[in-house]
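Visitor: Below you will find the structure I want to go over with you.
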Amino acid sequence: MWRRLLITLGVIAPLLWLLAFGFTRDPRYISSPLIGRQAPNFTLKLFNGEELTLDQVRGKVIFLNFWASWCIPCREEARDLEAAWRRLKDADVAFIGIDIQDKEDDAKAFLKEFNVSYPNGRDPGKIAIDYGVWGVPETFFIDARGRITYKHVGTPDTATVMAKLQEARRGLVSAAEGKGSYQPIK
Amino acid sequence: MRRLLPLSIVLLLLPVTVGAAQQDLEEQVQKIASELRCPVCQNLSAADSPSELAQEMRQLILEQLKQGKSPEEIKAYFVSKYGEWVLLAPTAKGFSLVLWTLPFVAAGAGTILVLLLIRRWSKKKREGPASSEIGPEPTRSSLLEEQTRLSAELEELDFDFHSGRLSESDYKEQRRELESRAAAIHKKLALLPPLSSQQPVHVAGAPSRQAALGAGQPSPRRNWQLAAGGLFLLLFGITLGVFLAKSLRPRSSEQDTMTGDFLTGTGPGGVAGDSGNNIDSLLAQGRDAFERQDWPQAIDALKQALAINPNHPEAHSTMGFILAQAGHADSALLAFDRALSSDPNFPPALWGKGMLLYRVKEDFPAARQTLEKLVNLMPPGAERDEVQKTVTQLARLGGEGKKVLKKAQAETGASSIRGVVSIDPKLKAQVNSQSVLFIIARSASSSGGPPLAVKKIDHPTFPVSYSLGPDNVMIPGTTLSGKISVSARLDKDGDPTTREPGNLSGEYKKNPVEVGEQKIDIVLDQVM
């Protein structure tokens with residue numbers, strides 16, 4: 001009797017555990033294989049007409065942010081990011097914003113609304129996939145040697161931005177991705 | 001002419017082959033895309049999904065095919081960006097190998113289990129009739145049946161022998177066997193208990209006690225097991241039904257899930273179907289509490305409303321006004337921005353954002369832009385003129401700094417009212433030491449909405465003189481202007497959230513008044 005009960009439990013318990021595990025996970029979340037790897041190069045046509053390639057800013061610590069004007073969490077972070085950029089401008093840090101799945105006018109209005117002053121441009125269609133983007137905002141921290149040291153899905157708070165830039169400056173890679181509020185892309 | 005013929009055929013065929021190549025490429029794209037998962041969909045391949053990202057992926061596959069890359073290389077590219085996850089059929093390596101083998105292992109184990117069970121059951125059946133545990137009724141009838149069958153066989157054997165179809169030795173052997181089987185059956189029948197007194201009993205002697213014990217109904221343990229199983233199934237069904245009904249709901253937005261945070265802990269709480277009515281009543285509660293200046297309750301109601309619909313513009317903008325009131329300008333701006341991101345033309349949010357940018361952030365161009373948008377949305381009227389006035393004021397300020405603002409504020413320094421609140425002598429007895437007096441100024445042109453300014457006076461001794469000015473406005477930085485109506489309320493326990501009977505109120509008799517007027521005297525003459 002007891003043996004039979006134990007066997008039944010032994011079969012059912014792992015199945016229940018598997019079910020519970022599946023239910024508590026975010027089904028949209030895709031962990032990135034890019035962390036610790038070389039950041040893919042890209043050529044970005046900026047909204048002001050200039051062109052920017054990732055290679056141009058090699059040697060600096062890079063804060064690379066994917067956003068869209070229709071994304072509510074992007075609005076949340078926009079002010080903080082601009083404030084962080086103004087504080088860090090003179091240090092050897094580069095902020096780059098890449099607008100994805102958006103209309104040019106909407107994106108420009110967004111940048112104007114939040115007085116964004118760091119370089120921003122529209123994704124011609126391939127950069128987002130090159131970085132495995134699946135939600136907005138997504139932020140990649142790249143160290144001076146061009147390695148992706150950290151990825152944050154969703155809005156990062158200012159403390160995280162500062163800390164992770166500091167880590168990138170020292171070339172530290174954090175395997176765990178950060179997560180804030182995000183929106184899946186279209 | 002003959003020489004030209006092959007050339008013309010080639011020329012004729014050329015567009016066809018190009019078209020075929022195009023089609024071939026398209027097919028290849030479709031095939032590769034069908035093996036890749038669309039990262040923003042749930043269980044859709046990049047070939048099937050209409051999403052923008054899937055379209056971009058297909059475009060990218062096409063480009064890479066044109067560059068001469070093999071399907072394997074293209075798939076490897078996507079794996080290097082999104083991980084192994086992006087393959088709809090994961091490669092049979094490492095942990096993924098488990099995915100491939102587990103179904104077969106499970107199917108094999110299941111088959112073995114079923115075979116074992118069948119063997120066990122059939123064994124039981126074979127042993128069954130021999131054991132004394134089987135009930136007498138089937139055994140008796142089957143034994144009797146066997147007996148008649150055997151006697152028929154004997155008769156047939158006799159007939160066969162007498163008609164010369166069987167040799168004597170065969171006949172004897174077969175007859176002996178049949179007889180011995182008949183004898184065995186007879187013996188078994190004799191061992192059975194008597195059916196009833198009427199029925200003839202074949203054999204003398206008491207039936208075995210063991211057989212008597214085994215006879216009768218199915219064992220009580222079996223009954224108990226059946227009942228428990230039935231009960232379990234019933235409970236399982238009820239639980240499943242109730243839980244599913246409670247935890248599922250229609251998605252309220254694209255980002256929403258069917259279960260809310262009931263299972264995933266991500267979205268707003270799992271809510272029963274009446275969320276539509278709920279949100280209105282919650283917003284009404286929030287507005288009421290806001291007007292009463294009961295901030296905790298207002299915040300609570302608005303938070304609940306936002307839990308149901310995280311993008312509700314009114315809930316966000318009201319929250320923004322509360323935050324602005326509390327001096328959290330940045331959070332208030334964020335709240336207004338959120339309201340505007342779900343409804344870019346929501347007037348209260350435009351107003352709140354514009355005024356905050358103007359008075360607190362002193363970002364005049366942005367404030368002007370926001371308020372101009374508001375002016376264009378408003379119907380003509382006194383309120384619109386107010387906003388228009390602010391916009392022209394902003395235009396005058398232009399890009400100048402704080403100094404100008406200070407001057408501007410000094411200009412509007414007369415934006416206050418003064419007066420005396422007294423109490424009807426007949427109602428003097430109603431006043432107790434806990435009472436708190438509120439003097440409230442509302443815009444005369446709009447009936448609803450929050451008050452423009454409120455002054456609170458603790459434990460007043462009547463008559464009490466007051467002044468209502470820029471320090472008392474609900475939104476920091478704004479000023480009182482235009483026509484307003486002024487009233488006063490004496491709250492017995494000082495808690496504006498509760499409306500006890502016996503609270504006193506009164507209005508200025510010559511409402512509305514122009515801001516800047518003096519001697520706005522109010523008499524508390526009404527019992528609420």
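By convention here, the chains of the structure tokens are called A, B, ... in the order presented, each chain's residues are numbered starting at 1, and ligands are numbered starting at 1 in the order presented.
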Can you list, as a PyMOL selection string, all residues belonging to range 73-115 of chain A that DSSP tags as helix (DSSP H, G or I)?

Guide: chain A and resi 73-88+104-113

Visitor: Go ahead and write the selection's residues with C-alpha atoms as an mmCIF file, in the first residue's frame.

Guide:
data_model
loop_
_atom_site.group_PDB
_atom_site.id
_atom_site.type_symbol
_atom_site.label_atom_id
_atom_site.label_comp_id
_atom_site.auth_asym_id
_atom_site.auth_seq_id
_atom_site.Cartn_x
_atom_site.Cartn_y
_atom_site.Cartn_z
ATOM 1 C CA PRO A 73 8.327 51.926 -20.902
ATOM 2 C CA CYS A 74 10.589 53.805 -23.358
ATOM 3 C CA ARG A 75 8.844 57.017 -22.388
ATOM 4 C CA GLU A 76 9.424 56.143 -18.760
ATOM 5 C CA GLU A 77 13.153 55.772 -19.180
ATOM 6 C CA ALA A 78 13.732 58.584 -21.690
ATOM 7 C CA ARG A 79 14.165 61.394 -19.155
ATOM 8 C CA ASP A 80 16.462 59.314 -16.936
ATOM 9 C CA LEU A 81 18.633 58.255 -19.866
ATOM 10 C CA GLU A 82 19.036 61.822 -21.064
ATOM 11 C CA ALA A 83 19.926 62.916 -17.520
ATOM 12 C CA ALA A 84 22.496 60.114 -17.250
ATOM 13 C CA TRP A 85 23.959 61.078 -20.622
ATOM 14 C CA ARG A 86 24.337 64.718 -19.558
ATOM 15 C CA ARG A 87 26.184 63.599 -16.453
ATOM 16 C CA LEU A 88 28.481 61.215 -18.309
ATOM 17 C CA GLU A 104 10.276 58.709 -38.744
ATOM 18 C CA ASP A 105 7.998 61.570 -37.656
ATOM 19 C CA ASP A 106 6.854 59.827 -34.489
ATOM 20 C CA ALA A 107 10.432 59.067 -33.557
ATOM 21 C CA LYS A 108 11.531 62.658 -34.139
ATOM 22 C CA ALA A 109 8.627 63.953 -32.045
ATOM 23 C CA PHE A 110 9.638 61.581 -29.259
ATOM 24 C CA LEU A 111 13.238 62.812 -29.293
ATOM 25 C CA LYS A 112 12.079 66.408 -29.269
ATOM 26 C CA GLU A 113 9.625 65.821 -26.465
#

Visitor: Which residues of chain A are close to chain B, meaning at most 8 Å apart when you count only C-alpha atoms, and how do they look as a list in words?

Guide: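 Selected residues: Phe23, Thr24, Arg25, Asp26, Arg28, Ile30, Ser31, Ser32, Pro33, Leu34, Trp70, Ile72, Arg75, Glu76, Gln101, Glu113, Gly125, Lys126, Ile129, Asp130, Tyr131, Gly132, Trp134, Gly135, Gln183, Pro184, Ile185 and Lys186 of chain A.
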
Visitor: Using only C-alpha atoms, which residues sit within 7 Å of range 372-384 of chain B once same-chain residues fewer than 2 positions away are excluded, as a PyMOL selection string?

Guide: chain B and resi 347+350-351+368-370+386-388+391+445

Visitor: For Val29 in chain B, which residue out of B:Glu507, B:Glu63, B:Asp170, B:Glu291 is the nearest one, using only C-alpha atoms?

Guide: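 Of B:Glu507, B:Glu63, B:Asp170, B:Glu291, the one nearest Val29 in chain B, counting only C-alpha atoms, is B:Glu63.
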